[in-house]
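The next block is work_37.cif, given as mmCIF, N, CA and C atoms.
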data_structure
loop_
_atom_site.label_atom_id
_atom_site.label_comp_id
_atom_site.auth_asym_id
_atom_site.auth_seq_id
_atom_site.Cartn_x
_atom_site.Cartn_y
_atom_site.Cartn_z
N MET A 1 -19.49 4.48 13.17
CA MET A 1 -18.33 4.68 12.34
C MET A 1 -17.39 3.48 12.53
N ALA A 2 -17.14 2.77 11.47
CA ALA A 2 -16.25 1.61 11.53
C ALA A 2 -14.81 2.06 11.77
N VAL A 3 -14.10 1.27 12.58
CA VAL A 3 -12.70 1.55 12.87
C VAL A 3 -11.85 0.67 11.97
N PRO A 4 -10.99 1.27 11.16
CA PRO A 4 -10.13 0.45 10.30
C PRO A 4 -9.12 -0.32 11.14
N ILE A 5 -8.87 -1.55 10.75
CA ILE A 5 -7.88 -2.39 11.41
C ILE A 5 -6.75 -2.64 10.42
N LEU A 6 -5.56 -2.22 10.81
CA LEU A 6 -4.39 -2.37 9.94
C LEU A 6 -3.61 -3.61 10.35
N LYS A 7 -3.00 -4.26 9.37
CA LYS A 7 -2.17 -5.43 9.63
C LYS A 7 -0.72 -5.02 9.46
N GLN A 8 0.08 -5.18 10.51
CA GLN A 8 1.52 -4.89 10.47
C GLN A 8 2.24 -6.17 10.89
N GLY A 9 2.73 -6.92 9.93
CA GLY A 9 3.31 -8.22 10.25
C GLY A 9 2.24 -9.12 10.83
N ASP A 10 2.50 -9.66 12.01
CA ASP A 10 1.50 -10.53 12.65
C ASP A 10 0.73 -9.81 13.75
N VAL A 11 0.67 -8.48 13.65
CA VAL A 11 -0.05 -7.66 14.63
C VAL A 11 -1.16 -6.88 13.92
N LEU A 12 -2.33 -6.84 14.54
CA LEU A 12 -3.44 -6.02 14.07
C LEU A 12 -3.49 -4.76 14.90
N ILE A 13 -3.66 -3.62 14.25
CA ILE A 13 -3.64 -2.33 14.94
C ILE A 13 -4.90 -1.54 14.58
N ALA A 14 -5.59 -1.07 15.61
CA ALA A 14 -6.74 -0.19 15.41
C ALA A 14 -6.50 1.08 16.20
N SER A 15 -6.67 2.21 15.53
CA SER A 15 -6.55 3.50 16.19
C SER A 15 -7.94 4.14 16.23
N ILE A 16 -8.48 4.24 17.43
CA ILE A 16 -9.81 4.82 17.59
C ILE A 16 -9.66 6.34 17.64
N GLN A 17 -10.24 7.01 16.67
CA GLN A 17 -10.03 8.45 16.52
C GLN A 17 -11.13 9.32 17.11
N SER A 18 -12.27 8.70 17.41
CA SER A 18 -13.37 9.46 18.01
C SER A 18 -14.24 8.51 18.82
N ALA A 19 -15.09 9.10 19.66
CA ALA A 19 -15.98 8.27 20.49
C ALA A 19 -16.81 7.36 19.60
N LEU A 20 -16.96 6.12 20.03
CA LEU A 20 -17.72 5.14 19.27
C LEU A 20 -19.02 4.82 19.97
N SER A 21 -20.03 4.52 19.18
CA SER A 21 -21.29 4.05 19.75
C SER A 21 -21.09 2.62 20.25
N ASP A 22 -22.03 2.15 21.06
CA ASP A 22 -21.95 0.78 21.54
C ASP A 22 -21.93 -0.20 20.37
N GLN A 23 -22.72 0.08 19.36
CA GLN A 23 -22.77 -0.78 18.17
C GLN A 23 -21.42 -0.80 17.46
N ASP A 24 -20.76 0.35 17.36
CA ASP A 24 -19.43 0.41 16.74
C ASP A 24 -18.41 -0.40 17.53
N LEU A 25 -18.50 -0.35 18.85
CA LEU A 25 -17.58 -1.11 19.70
C LEU A 25 -17.80 -2.62 19.52
N VAL A 26 -19.05 -3.03 19.45
CA VAL A 26 -19.36 -4.45 19.23
C VAL A 26 -18.83 -4.88 17.86
N GLN A 27 -18.98 -4.03 16.87
CA GLN A 27 -18.48 -4.34 15.53
C GLN A 27 -16.96 -4.47 15.55
N LEU A 28 -16.27 -3.59 16.28
CA LEU A 28 -14.82 -3.67 16.39
C LEU A 28 -14.41 -4.99 17.05
N ARG A 29 -15.11 -5.37 18.11
CA ARG A 29 -14.84 -6.65 18.77
C ARG A 29 -14.99 -7.82 17.80
N ASP A 30 -16.08 -7.82 17.04
CA ASP A 30 -16.34 -8.90 16.09
C ASP A 30 -15.31 -8.91 14.97
N ASP A 31 -14.92 -7.73 14.51
CA ASP A 31 -13.91 -7.64 13.44
C ASP A 31 -12.57 -8.19 13.91
N PHE A 32 -12.18 -7.85 15.13
CA PHE A 32 -10.93 -8.39 15.67
C PHE A 32 -11.00 -9.91 15.79
N ALA A 33 -12.10 -10.42 16.32
CA ALA A 33 -12.25 -11.87 16.49
C ALA A 33 -12.09 -12.59 15.15
N ASP A 34 -12.67 -12.02 14.12
CA ASP A 34 -12.57 -12.60 12.78
C ASP A 34 -11.16 -12.50 12.21
N GLN A 35 -10.57 -11.31 12.30
CA GLN A 35 -9.28 -11.07 11.66
C GLN A 35 -8.11 -11.77 12.35
N VAL A 36 -8.20 -11.98 13.66
CA VAL A 36 -7.13 -12.71 14.35
C VAL A 36 -6.97 -14.09 13.73
N GLY A 37 -8.08 -14.76 13.47
CA GLY A 37 -8.03 -16.08 12.86
C GLY A 37 -7.67 -16.03 11.39
N ARG A 38 -8.26 -15.09 10.67
CA ARG A 38 -8.03 -15.01 9.23
C ARG A 38 -6.56 -14.73 8.91
N PHE A 39 -5.93 -13.82 9.67
CA PHE A 39 -4.55 -13.43 9.39
C PHE A 39 -3.54 -14.14 10.29
N ARG A 40 -4.04 -15.04 11.16
CA ARG A 40 -3.17 -15.78 12.08
C ARG A 40 -2.31 -14.80 12.90
N SER A 41 -2.96 -13.77 13.37
CA SER A 41 -2.27 -12.70 14.10
C SER A 41 -1.88 -13.17 15.49
N ARG A 42 -0.74 -12.66 15.97
CA ARG A 42 -0.24 -12.99 17.30
C ARG A 42 -0.47 -11.86 18.29
N GLY A 43 -0.87 -10.70 17.78
CA GLY A 43 -1.07 -9.56 18.67
C GLY A 43 -2.09 -8.57 18.14
N ILE A 44 -2.69 -7.84 19.07
CA ILE A 44 -3.64 -6.77 18.77
C ILE A 44 -3.20 -5.55 19.57
N ILE A 45 -3.19 -4.41 18.90
CA ILE A 45 -2.94 -3.14 19.59
C ILE A 45 -4.13 -2.23 19.31
N ILE A 46 -4.69 -1.69 20.38
CA ILE A 46 -5.80 -0.75 20.26
C ILE A 46 -5.32 0.58 20.81
N ASP A 47 -5.25 1.57 19.93
CA ASP A 47 -4.76 2.90 20.29
C ASP A 47 -5.95 3.79 20.63
N VAL A 48 -6.01 4.25 21.88
CA VAL A 48 -7.11 5.10 22.34
C VAL A 48 -6.63 6.52 22.66
N THR A 49 -5.49 6.90 22.11
CA THR A 49 -4.89 8.20 22.40
C THR A 49 -5.86 9.36 22.16
N ALA A 50 -6.66 9.27 21.12
CA ALA A 50 -7.55 10.38 20.75
C ALA A 50 -8.80 10.48 21.63
N LEU A 51 -9.04 9.48 22.47
CA LEU A 51 -10.26 9.49 23.27
C LEU A 51 -10.09 10.27 24.56
N ASP A 52 -11.11 11.05 24.89
CA ASP A 52 -11.08 11.78 26.16
C ASP A 52 -12.00 11.14 27.19
N VAL A 53 -12.66 10.02 26.83
CA VAL A 53 -13.54 9.30 27.73
C VAL A 53 -13.51 7.81 27.37
N LEU A 54 -13.46 6.97 28.40
CA LEU A 54 -13.70 5.53 28.24
C LEU A 54 -14.78 5.16 29.24
N ASP A 55 -15.99 4.92 28.75
CA ASP A 55 -17.08 4.59 29.66
C ASP A 55 -17.06 3.10 30.01
N SER A 56 -18.01 2.69 30.83
CA SER A 56 -18.01 1.30 31.31
C SER A 56 -18.20 0.31 30.17
N PHE A 57 -19.05 0.63 29.20
CA PHE A 57 -19.25 -0.30 28.09
C PHE A 57 -17.99 -0.42 27.25
N ALA A 58 -17.35 0.70 26.97
CA ALA A 58 -16.11 0.67 26.19
C ALA A 58 -15.03 -0.11 26.93
N THR A 59 -14.94 0.07 28.23
CA THR A 59 -13.95 -0.65 29.03
C THR A 59 -14.22 -2.15 29.00
N ARG A 60 -15.47 -2.54 29.19
CA ARG A 60 -15.83 -3.96 29.13
C ARG A 60 -15.57 -4.54 27.75
N THR A 61 -15.83 -3.76 26.71
CA THR A 61 -15.61 -4.25 25.35
C THR A 61 -14.12 -4.43 25.08
N LEU A 62 -13.28 -3.52 25.56
CA LEU A 62 -11.84 -3.69 25.41
C LEU A 62 -11.37 -4.96 26.12
N GLN A 63 -11.90 -5.21 27.32
CA GLN A 63 -11.58 -6.45 28.03
C GLN A 63 -12.04 -7.67 27.23
N SER A 64 -13.21 -7.58 26.68
CA SER A 64 -13.77 -8.67 25.88
C SER A 64 -12.90 -8.96 24.66
N ILE A 65 -12.45 -7.91 23.98
CA ILE A 65 -11.55 -8.08 22.84
C ILE A 65 -10.29 -8.82 23.28
N ALA A 66 -9.73 -8.40 24.40
CA ALA A 66 -8.49 -9.02 24.90
C ALA A 66 -8.71 -10.49 25.23
N TYR A 67 -9.83 -10.82 25.87
CA TYR A 67 -10.09 -12.21 26.27
C TYR A 67 -10.35 -13.08 25.04
N ILE A 68 -11.11 -12.56 24.09
CA ILE A 68 -11.38 -13.31 22.86
C ILE A 68 -10.07 -13.55 22.12
N ALA A 69 -9.25 -12.52 22.00
CA ALA A 69 -7.96 -12.65 21.31
C ALA A 69 -7.09 -13.70 22.00
N LYS A 70 -7.07 -13.66 23.32
CA LYS A 70 -6.26 -14.63 24.07
C LYS A 70 -6.71 -16.05 23.79
N LEU A 71 -8.01 -16.26 23.75
CA LEU A 71 -8.54 -17.59 23.45
C LEU A 71 -8.20 -18.03 22.03
N ARG A 72 -7.93 -17.05 21.16
CA ARG A 72 -7.57 -17.35 19.78
C ARG A 72 -6.07 -17.30 19.55
N GLY A 73 -5.29 -17.14 20.64
CA GLY A 73 -3.84 -17.22 20.54
C GLY A 73 -3.10 -15.91 20.34
N ALA A 74 -3.77 -14.79 20.56
CA ALA A 74 -3.14 -13.48 20.37
C ALA A 74 -3.17 -12.68 21.68
N SER A 75 -2.17 -11.84 21.85
CA SER A 75 -2.14 -10.94 23.01
C SER A 75 -2.70 -9.58 22.59
N THR A 76 -3.18 -8.83 23.56
CA THR A 76 -3.76 -7.50 23.29
C THR A 76 -3.10 -6.47 24.18
N VAL A 77 -2.82 -5.30 23.60
CA VAL A 77 -2.29 -4.16 24.35
C VAL A 77 -3.15 -2.94 24.01
N VAL A 78 -3.62 -2.25 25.03
CA VAL A 78 -4.33 -0.99 24.84
C VAL A 78 -3.30 0.11 25.09
N VAL A 79 -3.15 1.01 24.13
CA VAL A 79 -2.13 2.05 24.25
C VAL A 79 -2.76 3.44 24.22
N GLY A 80 -2.07 4.37 24.87
CA GLY A 80 -2.43 5.78 24.75
C GLY A 80 -3.51 6.28 25.67
N ILE A 81 -3.76 5.61 26.78
CA ILE A 81 -4.77 6.12 27.70
C ILE A 81 -4.26 7.43 28.29
N GLN A 82 -5.01 8.50 28.07
CA GLN A 82 -4.62 9.83 28.53
C GLN A 82 -4.73 9.93 30.05
N PRO A 83 -3.92 10.79 30.66
CA PRO A 83 -3.96 10.92 32.13
C PRO A 83 -5.35 11.22 32.69
N ASP A 84 -6.08 12.12 32.06
CA ASP A 84 -7.42 12.46 32.56
C ASP A 84 -8.38 11.28 32.43
N VAL A 85 -8.20 10.49 31.37
CA VAL A 85 -9.04 9.31 31.18
C VAL A 85 -8.72 8.28 32.26
N ALA A 86 -7.43 8.07 32.51
CA ALA A 86 -7.01 7.12 33.55
C ALA A 86 -7.57 7.55 34.91
N PHE A 87 -7.47 8.84 35.22
CA PHE A 87 -7.97 9.35 36.49
C PHE A 87 -9.48 9.11 36.61
N ALA A 88 -10.22 9.42 35.54
CA ALA A 88 -11.68 9.23 35.55
C ALA A 88 -12.02 7.75 35.71
N MET A 89 -11.28 6.88 35.05
CA MET A 89 -11.54 5.44 35.17
C MET A 89 -11.37 4.98 36.62
N VAL A 90 -10.32 5.46 37.26
CA VAL A 90 -10.08 5.08 38.66
C VAL A 90 -11.21 5.62 39.53
N GLN A 91 -11.60 6.86 39.33
CA GLN A 91 -12.67 7.47 40.12
C GLN A 91 -13.99 6.73 39.96
N LEU A 92 -14.22 6.19 38.74
CA LEU A 92 -15.48 5.48 38.47
C LEU A 92 -15.39 3.99 38.78
N GLY A 93 -14.22 3.52 39.21
CA GLY A 93 -14.06 2.11 39.53
C GLY A 93 -13.93 1.22 38.31
N LEU A 94 -13.56 1.81 37.16
CA LEU A 94 -13.40 1.02 35.94
C LEU A 94 -11.98 0.49 35.86
N SER A 95 -11.83 -0.68 35.32
CA SER A 95 -10.52 -1.31 35.28
C SER A 95 -10.34 -2.09 33.99
N LEU A 96 -9.12 -2.17 33.54
CA LEU A 96 -8.77 -3.04 32.42
C LEU A 96 -7.95 -4.21 32.95
N GLU A 97 -8.41 -4.76 34.07
CA GLU A 97 -7.71 -5.86 34.71
C GLU A 97 -7.50 -7.01 33.73
N GLY A 98 -6.27 -7.48 33.67
CA GLY A 98 -5.94 -8.58 32.78
C GLY A 98 -5.61 -8.15 31.36
N VAL A 99 -5.67 -6.86 31.09
CA VAL A 99 -5.35 -6.34 29.76
C VAL A 99 -4.08 -5.52 29.86
N ALA A 100 -3.11 -5.83 29.02
CA ALA A 100 -1.86 -5.08 29.02
C ALA A 100 -2.11 -3.66 28.49
N THR A 101 -1.40 -2.70 29.07
CA THR A 101 -1.48 -1.31 28.60
C THR A 101 -0.07 -0.80 28.37
N ALA A 102 0.02 0.22 27.53
CA ALA A 102 1.31 0.85 27.25
C ALA A 102 1.08 2.32 26.96
N LEU A 103 2.15 3.10 27.13
CA LEU A 103 2.02 4.54 26.93
C LEU A 103 1.67 4.93 25.51
N ASP A 104 2.30 4.27 24.52
CA ASP A 104 2.10 4.67 23.14
C ASP A 104 2.25 3.47 22.21
N LEU A 105 2.06 3.71 20.93
CA LEU A 105 2.11 2.65 19.93
C LEU A 105 3.47 1.97 19.90
N GLU A 106 4.54 2.75 19.99
CA GLU A 106 5.88 2.18 19.96
C GLU A 106 6.08 1.19 21.11
N GLU A 107 5.68 1.58 22.31
CA GLU A 107 5.81 0.70 23.46
C GLU A 107 4.88 -0.52 23.32
N GLY A 108 3.71 -0.30 22.75
CA GLY A 108 2.78 -1.41 22.52
C GLY A 108 3.34 -2.43 21.54
N LEU A 109 3.98 -1.96 20.48
CA LEU A 109 4.60 -2.87 19.51
C LEU A 109 5.73 -3.66 20.16
N ALA A 110 6.53 -2.99 20.99
CA ALA A 110 7.63 -3.66 21.69
C ALA A 110 7.08 -4.73 22.63
N HIS A 111 6.00 -4.42 23.34
CA HIS A 111 5.39 -5.38 24.26
C HIS A 111 4.86 -6.59 23.49
N THR A 112 4.18 -6.34 22.39
CA THR A 112 3.63 -7.42 21.58
C THR A 112 4.74 -8.31 21.03
N ALA A 113 5.83 -7.69 20.59
CA ALA A 113 6.96 -8.47 20.07
C ALA A 113 7.57 -9.33 21.17
N ALA A 114 7.69 -8.78 22.37
CA ALA A 114 8.26 -9.53 23.49
C ALA A 114 7.37 -10.73 23.86
N ILE A 115 6.08 -10.53 23.86
CA ILE A 115 5.14 -11.62 24.17
C ILE A 115 5.23 -12.70 23.09
N ALA A 116 5.28 -12.29 21.84
CA ALA A 116 5.37 -13.25 20.74
C ALA A 116 6.67 -14.04 20.82
N LYS A 117 7.75 -13.38 21.20
CA LYS A 117 9.05 -14.06 21.33
C LYS A 117 8.99 -15.10 22.44
N GLN A 118 8.37 -14.75 23.57
CA GLN A 118 8.21 -15.70 24.67
C GLN A 118 7.40 -16.91 24.22
N GLY A 119 6.35 -16.64 23.47
CA GLY A 119 5.49 -17.72 22.98
C GLY A 119 6.22 -18.67 22.07
N ARG A 120 7.09 -18.15 21.22
CA ARG A 120 7.87 -19.01 20.32
C ARG A 120 8.81 -19.90 21.11
N HIS A 121 9.38 -19.38 22.19
CA HIS A 121 10.30 -20.18 22.99
C HIS A 121 9.56 -21.31 23.71
N ARG A 122 8.33 -21.06 24.14
CA ARG A 122 7.58 -22.08 24.86
C ARG A 122 7.14 -23.22 23.93
N VAL A 123 6.89 -22.92 22.66
CA VAL A 123 6.38 -23.94 21.74
C VAL A 123 7.45 -24.98 21.43
N ARG A 124 8.71 -24.61 21.42
CA ARG A 124 9.78 -25.52 21.04
C ARG A 124 10.02 -26.59 22.02
#
Spit out the file's structure as structure tokens when you get a sec.
Amino acid sequence: MAVPILKQGDVLIASIQSALSDQDLVQLRDDFADQVGRFRSRGIIIDVTALDVLDSFATRTLQSIAYIAKLRGASTVVVGIQPDVAFAMVQLGLSLEGVATALDLEEGLAHTAAIAKQGRHRVR
């Protein structure tokens, strides 16, 4: 099931509404890599609020999306990790090291805006 990616200003937003197959996750990664360049996006937000599980492949793919986006000039924030999901990730030794996280979409948008503002100041 393809995940729609919405464009809000210079931020791309994907809300994952159900568990994705490995193929769907790879497609999401590739879609983000393409759209960051096409739309000259400065940020990506991935909303996982609806998920009750993040397995090792999904976790690695989220990290991969963040690293690819960074190499293309965009920051990534994963939002909405549920408490039970966070607990299970810790128990399984899974980590989103190097990837920003936020409680919800609103906080994720604020984080992305703050990062973009810092970036504008450094370019001058």
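Taking segment 1-118 of chain A and asking which residues DSSP calls strand (DSSP E or B) on the backbone, you get Ile5, Leu6, Lys7, Gln8, Val11, Leu12, Ile13, Ala14, Ser15, Gly43, Ile44, Ile45, Ile46, Asp47, Ser75, Thr76, Val77, Val78, Val79, Ala100, Thr101 and Ala102 of chain A.
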Selected residue of minimal separation from Asp30 of chain A among A:Leu6, A:Val85, A:Ile65, A:Ile44, counting only N, CA and C atoms: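 Counting only N, CA and C atoms, the residue closest to Asp30 of chain A is A:Ile65.
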Who sits within 8 Å of Val26 of chain A, all atoms listed in the file, same chain under 6 positions skipped, as a ChimeraX atom specification: /A:20,32,61
Between atom CA of Ile81 of chain A and atom C of Leu103 of chain A - distance in Å to one decimal: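 So the answer is 6.9 Å.
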Atom CA of Ile13 of chain A to atom C of Ala114 of chain A, straight-line distance in Å: 16.5 Å
Interatomic distance (Å, one decimal) between atom N of Gln35 of chain A and atom N of Gln118 of chain A: 22.3 Å
